[in-house]
Amino acid sequence: MNKAGFPKKPYNSNSHSSDDIPVALRDTNDTGRKIELKPQVLILCGFAGFLLLAVISGFLFSLTTPKQTTNSAVAPINPTPATTNTPINDNGTVLGHFPYLEAPESELAPITGDSRIRMRKSAAVKFQAMVQAARSAGVNLVPISGFRSVQEQKQLFFGVGAQRNQTPAERAALSAPPNHSEHHTGYAVDVGDGAVPATNLQANFDNTKAYQWLQANAAKFSFEISFPQDNVQGVSYEPWHWRFVGDTDSLETFYKAKNIKPVKTP
């Protein structure tokens with residue numbers, strides 16, 4: 001019983017008077033009760049906030065940063081140059097000669113009665129028409145060589161070069177290395193004068209009626225000399241060597257990406 005005569009309430013461990021609450025946590029308003037946080041809790045909260053800020057920043061950066069393409073057609077910024085044992089200079093030639101693909105057999109047609117000499121079909125038609133036109137003018141154009149395979153060119157370049165004791169550079173002035181001969185294309189032909197066969201494949205072929213007629217008329221049949229005097233490739237003068245440039249494929253074969261400029265005529 002208390003002093004007022006009322007019975008004492010039983011002790012409840014879950015209920016406390018204001019005196020049971022430590023002074024540090026006491027407040028007159030329950031809704032505004034202050035809570036004391038331990039230093040460890042403050043550190044954890046700060047660290048969590050930092051992590052959240054970092055995640056948000058990274059997400060925003062990924063949205064604003066351009067994505068790099070994975071397209072295999074795009075070259076690397078600093079590609080490693082390929083190594084090669086073949087002496088190729090800045091304009092893509094080997095000892096002055098450009099690379100050429102070998103014409104398919106199905107694209108070749110004979111330009112002689114014995115079918116021994118062949119050219120691309122489009123070139124063969126024009127060459128035979130040119131021969132007929134020259135004959136009408138009393139000039140005998142004779143084909144000496146047309147299409148030549150890579151294997152045949154190997155013999156001409158390495159075999160003959162060894163027989164004559166020529167270095168590759170010396171041999172290249174007279175004959176193209178394999179895979180680099182215009183004869184591989186089927187568009188090139190070596191021409192002689194039937195009246196003076198001694199000038200075949202010789203520089204003095206330019207003194208013949210055949211050469212003079214070609215100089216004046218070959219362009220009408222879409223033929224041009226490949227290696228004139230002082231040509232930019234540094235190949236020896238070959239007045240007998242002519243090539244067909246009368247369709248899209250032949251034009252691109254000899255002119256595409258070779259940095260050859262148009263020639264202005266008077």
# chains A, B, ... in the order shown; residues from 1 in each chain; ligands from 1
>>> closest_atom_pairs(of="segment 127-224 of chain A", to="segment 95-107 of chain A", cutoff="12 Å", atoms="only C-alpha atoms", output="JSON lines")
{"residue": "A:Gly146", "atom": "CA", "partner": "A:Ala103", "partner_atom": "CA", "distance": 11.4}
{"residue": "A:Phe147", "atom": "CA", "partner": "A:Ala103", "partner_atom": "CA", "distance": 8.0}
{"residue": "A:Arg148", "atom": "CA", "partner": "A:Glu102", "partner_atom": "CA", "distance": 8.2}
{"residue": "A:Ser149", "atom": "CA", "partner": "A:Glu102", "partner_atom": "CA", "distance": 6.6}
{"residue": "A:Val150", "atom": "CA", "partner": "A:Glu102", "partner_atom": "CA", "distance": 7.0}
{"residue": "A:Gln151", "atom": "CA", "partner": "A:Glu102", "partner_atom": "CA", "distance": 10.3}
{"residue": "A:Glu152", "atom": "CA", "partner": "A:Glu102", "partner_atom": "CA", "distance": 11.4}
{"residue": "A:Gln153", "atom": "CA", "partner": "A:Glu102", "partner_atom": "CA", "distance": 11.0}
{"residue": "A:Thr167", "atom": "CA", "partner": "A:Leu95", "partner_atom": "CA", "distance": 11.3}
{"residue": "A:Pro168", "atom": "CA", "partner": "A:Leu95", "partner_atom": "CA", "distance": 8.2}
{"residue": "A:Ala169", "atom": "CA", "partner": "A:Leu95", "partner_atom": "CA", "distance": 6.4}
{"residue": "A:Glu170", "atom": "CA", "partner": "A:Leu95", "partner_atom": "CA", "distance": 9.4}
{"residue": "A:Arg171", "atom": "CA", "partner": "A:Leu95", "partner_atom": "CA", "distance": 9.5}
{"residue": "A:Ala172", "atom": "CA", "partner": "A:Leu95", "partner_atom": "CA", "distance": 6.3}
{"residue": "A:Ala173", "atom": "CA", "partner": "A:Leu95", "partner_atom": "CA", "distance": 8.2}
{"residue": "A:Leu174", "atom": "CA", "partner": "A:His97", "partner_atom": "CA", "distance": 10.9}
{"residue": "A:Ser175", "atom": "CA", "partner": "A:His97", "partner_atom": "CA", "distance": 9.3}
{"residue": "A:Ala176", "atom": "CA", "partner": "A:His97", "partner_atom": "CA", "distance": 6.3}
{"residue": "A:Pro177", "atom": "CA", "partner": "A:His97", "partner_atom": "CA", "distance": 7.5}
{"residue": "A:Pro178", "atom": "CA", "partner": "A:Pro99", "partner_atom": "CA", "distance": 8.8}
{"residue": "A:Asn179", "atom": "CA", "partner": "A:Pro99", "partner_atom": "CA", "distance": 5.8}
{"residue": "A:His180", "atom": "CA", "partner": "A:Pro99", "partner_atom": "CA", "distance": 4.2}
{"residue": "A:Ser181", "atom": "CA", "partner": "A:Tyr100", "partner_atom": "CA", "distance": 6.5}
{"residue": "A:Glu182", "atom": "CA", "partner": "A:Tyr100", "partner_atom": "CA", "distance": 6.6}
{"residue": "A:His183", "atom": "CA", "partner": "A:Glu102", "partner_atom": "CA", "distance": 8.3}
{"residue": "A:His184", "atom": "CA", "partner": "A:Glu102", "partner_atom": "CA", "distance": 4.5}
{"residue": "A:Thr185", "atom": "CA", "partner": "A:Ala103", "partner_atom": "CA", "distance": 5.0}
{"residue": "A:Gly186", "atom": "CA", "partner": "A:Ala103", "partner_atom": "CA", "distance": 5.9}
{"residue": "A:Tyr187", "atom": "CA", "partner": "A:Ala103", "partner_atom": "CA", "distance": 8.9}
{"residue": "A:Ala188", "atom": "CA", "partner": "A:Ala103", "partner_atom": "CA", "distance": 11.2}
>>> select_by_dssp(residues="segment 108-210 of chain A", states="strand (DSSP E or B)", output="PDB file with N, CA and C atoms, in the first residue's frame")
ATOM      1  N   LEU A 108      39.221 -16.399-121.422  1.00  0.00           N
ATOM      2  CA  LEU A 108      40.240 -16.263-122.460  1.00  0.00           C
ATOM      3  C   LEU A 108      39.737 -16.764-123.817  1.00  0.00           C
ATOM      4  N   ALA A 109      40.228 -16.111-124.876  1.00  0.00           N
ATOM      5  CA  ALA A 109      39.882 -16.503-126.244  1.00  0.00           C
ATOM      6  C   ALA A 109      41.125 -16.381-127.122  1.00  0.00           C
ATOM      7  N   PRO A 110      41.275 -17.245-128.125  1.00  0.00           N
ATOM      8  CA  PRO A 110      42.483 -17.200-128.973  1.00  0.00           C
ATOM      9  C   PRO A 110      42.501 -15.991-129.904  1.00  0.00           C
ATOM     10  N   ARG A 118      46.463 -16.250-126.450  1.00  0.00           N
ATOM     11  CA  ARG A 118      45.097 -15.910-126.036  1.00  0.00           C
ATOM     12  C   ARG A 118      45.071 -14.569-125.301  1.00  0.00           C
ATOM     13  N   MET A 119      43.877 -13.977-125.297  1.00  0.00           N
ATOM     14  CA  MET A 119      43.629 -12.757-124.535  1.00  0.00           C
ATOM     15  C   MET A 119      42.228 -12.841-123.934  1.00  0.00           C
ATOM     16  N   ARG A 120      41.900 -11.901-123.079  1.00  0.00           N
ATOM     17  CA  ARG A 120      40.523 -11.809-122.589  1.00  0.00           C
ATOM     18  C   ARG A 120      39.595 -11.629-123.788  1.00  0.00           C
ATOM     19  N   LEU A 141      50.549  -6.601-138.382  1.00  0.00           N
ATOM     20  CA  LEU A 141      50.704  -6.720-136.922  1.00  0.00           C
ATOM     21  C   LEU A 141      50.692  -8.199-136.545  1.00  0.00           C
ATOM     22  N   VAL A 142      51.727  -8.637-135.833  1.00  0.00           N
ATOM     23  CA  VAL A 142      51.839 -10.042-135.438  1.00  0.00           C
ATOM     24  C   VAL A 142      51.866 -10.142-133.908  1.00  0.00           C
ATOM     25  N   PRO A 143      50.940 -10.893-133.295  1.00  0.00           N
ATOM     26  CA  PRO A 143      50.992 -11.085-131.851  1.00  0.00           C
ATOM     27  C   PRO A 143      52.125 -12.043-131.474  1.00  0.00           C
ATOM     28  N   ILE A 144      52.934 -11.658-130.502  1.00  0.00           N
ATOM     29  CA  ILE A 144      54.057 -12.494-130.054  1.00  0.00           C
ATOM     30  C   ILE A 144      53.730 -13.190-128.739  1.00  0.00           C
ATOM     31  N   SER A 145      53.039 -12.505-127.863  1.00  0.00           N
ATOM     32  CA  SER A 145      52.681 -13.073-126.565  1.00  0.00           C
ATOM     33  C   SER A 145      51.430 -12.381-126.050  1.00  0.00           C
ATOM     34  N   ALA A 188      46.999  -7.714-121.924  1.00  0.00           N
ATOM     35  CA  ALA A 188      48.252  -7.228-122.517  1.00  0.00           C
ATOM     36  C   ALA A 188      48.684  -8.130-123.673  1.00  0.00           C
ATOM     37  N   VAL A 189      49.355  -7.512-124.658  1.00  0.00           N
ATOM     38  CA  VAL A 189      49.839  -8.263-125.810  1.00  0.00           C
ATOM     39  C   VAL A 189      51.147  -7.655-126.296  1.00  0.00           C
ATOM     40  N   ASP A 190      52.085  -8.516-126.666  1.00  0.00           N
ATOM     41  CA  ASP A 190      53.332  -8.068-127.298  1.00  0.00           C
ATOM     42  C   ASP A 190      53.134  -8.178-128.807  1.00  0.00           C
ATOM     43  N   VAL A 191      53.459  -7.114-129.519  1.00  0.00           N
ATOM     44  CA  VAL A 191      53.187  -7.042-130.955  1.00  0.00           C
ATOM     45  C   VAL A 191      54.492  -6.886-131.736  1.00  0.00           C
ATOM     46  N   GLY A 192      54.588  -7.579-132.856  1.00  0.00           N
ATOM     47  CA  GLY A 192      55.737  -7.453-133.754  1.00  0.00           C
ATOM     48  C   GLY A 192      55.286  -7.028-135.140  1.00  0.00           C
ATOM     49  N   ASP A 193      56.279  -6.730-135.957  1.00  0.00           N
ATOM     50  CA  ASP A 193      56.014  -6.376-137.358  1.00  0.00           C
ATOM     51  C   ASP A 193      56.383  -7.586-138.211  1.00  0.00           C
TER      52      ASP A 193
END
>>> closest_atom_pairs(of="segment 238-258 of chain A", to="segment 213-228 of chain A", cutoff="7 Å", atoms="only C-alpha atoms", output="JSON lines")
{"residue": "A:Glu238", "atom": "CA", "partner": "A:Phe227", "partner_atom": "CA", "distance": 5.4}
{"residue": "A:Pro239", "atom": "CA", "partner": "A:Pro228", "partner_atom": "CA", "distance": 6.5}
{"residue": "A:His241", "atom": "CA", "partner": "A:Ile225", "partner_atom": "CA", "distance": 6.0}
{"residue": "A:Trp242", "atom": "CA", "partner": "A:Ile225", "partner_atom": "CA", "distance": 4.4}
{"residue": "A:Arg243", "atom": "CA", "partner": "A:Phe223", "partner_atom": "CA", "distance": 5.4}
{"residue": "A:Phe244", "atom": "CA", "partner": "A:Phe223", "partner_atom": "CA", "distance": 4.5}
{"residue": "A:Val245", "atom": "CA", "partner": "A:Ser222", "partner_atom": "CA", "distance": 5.5}
{"residue": "A:Gly246", "atom": "CA", "partner": "A:Ser222", "partner_atom": "CA", "distance": 4.8}
>>> select_by_dssp(residues="segment 139-264 of chain A", states="helix (DSSP H, G or I)", output="PyMOL selection string")
chain A and resi 150-163+168-172+182-185+197-199+203-207+209-221+248-255
>>> atom_distance(atom1="atom CA of Lys121 of chain A", atom2="atom CA of Ser136 of chain A")
23.1 Å
>>> atom_distance(atom1="atom CA of Thr112 of chain A", atom2="atom CA of Asn200 of chain A")
16.9 Å
>>> atom_distance(atom1="atom CA of Thr208 of chain A", atom2="atom CA of Val139 of chain A")
9.5 Å
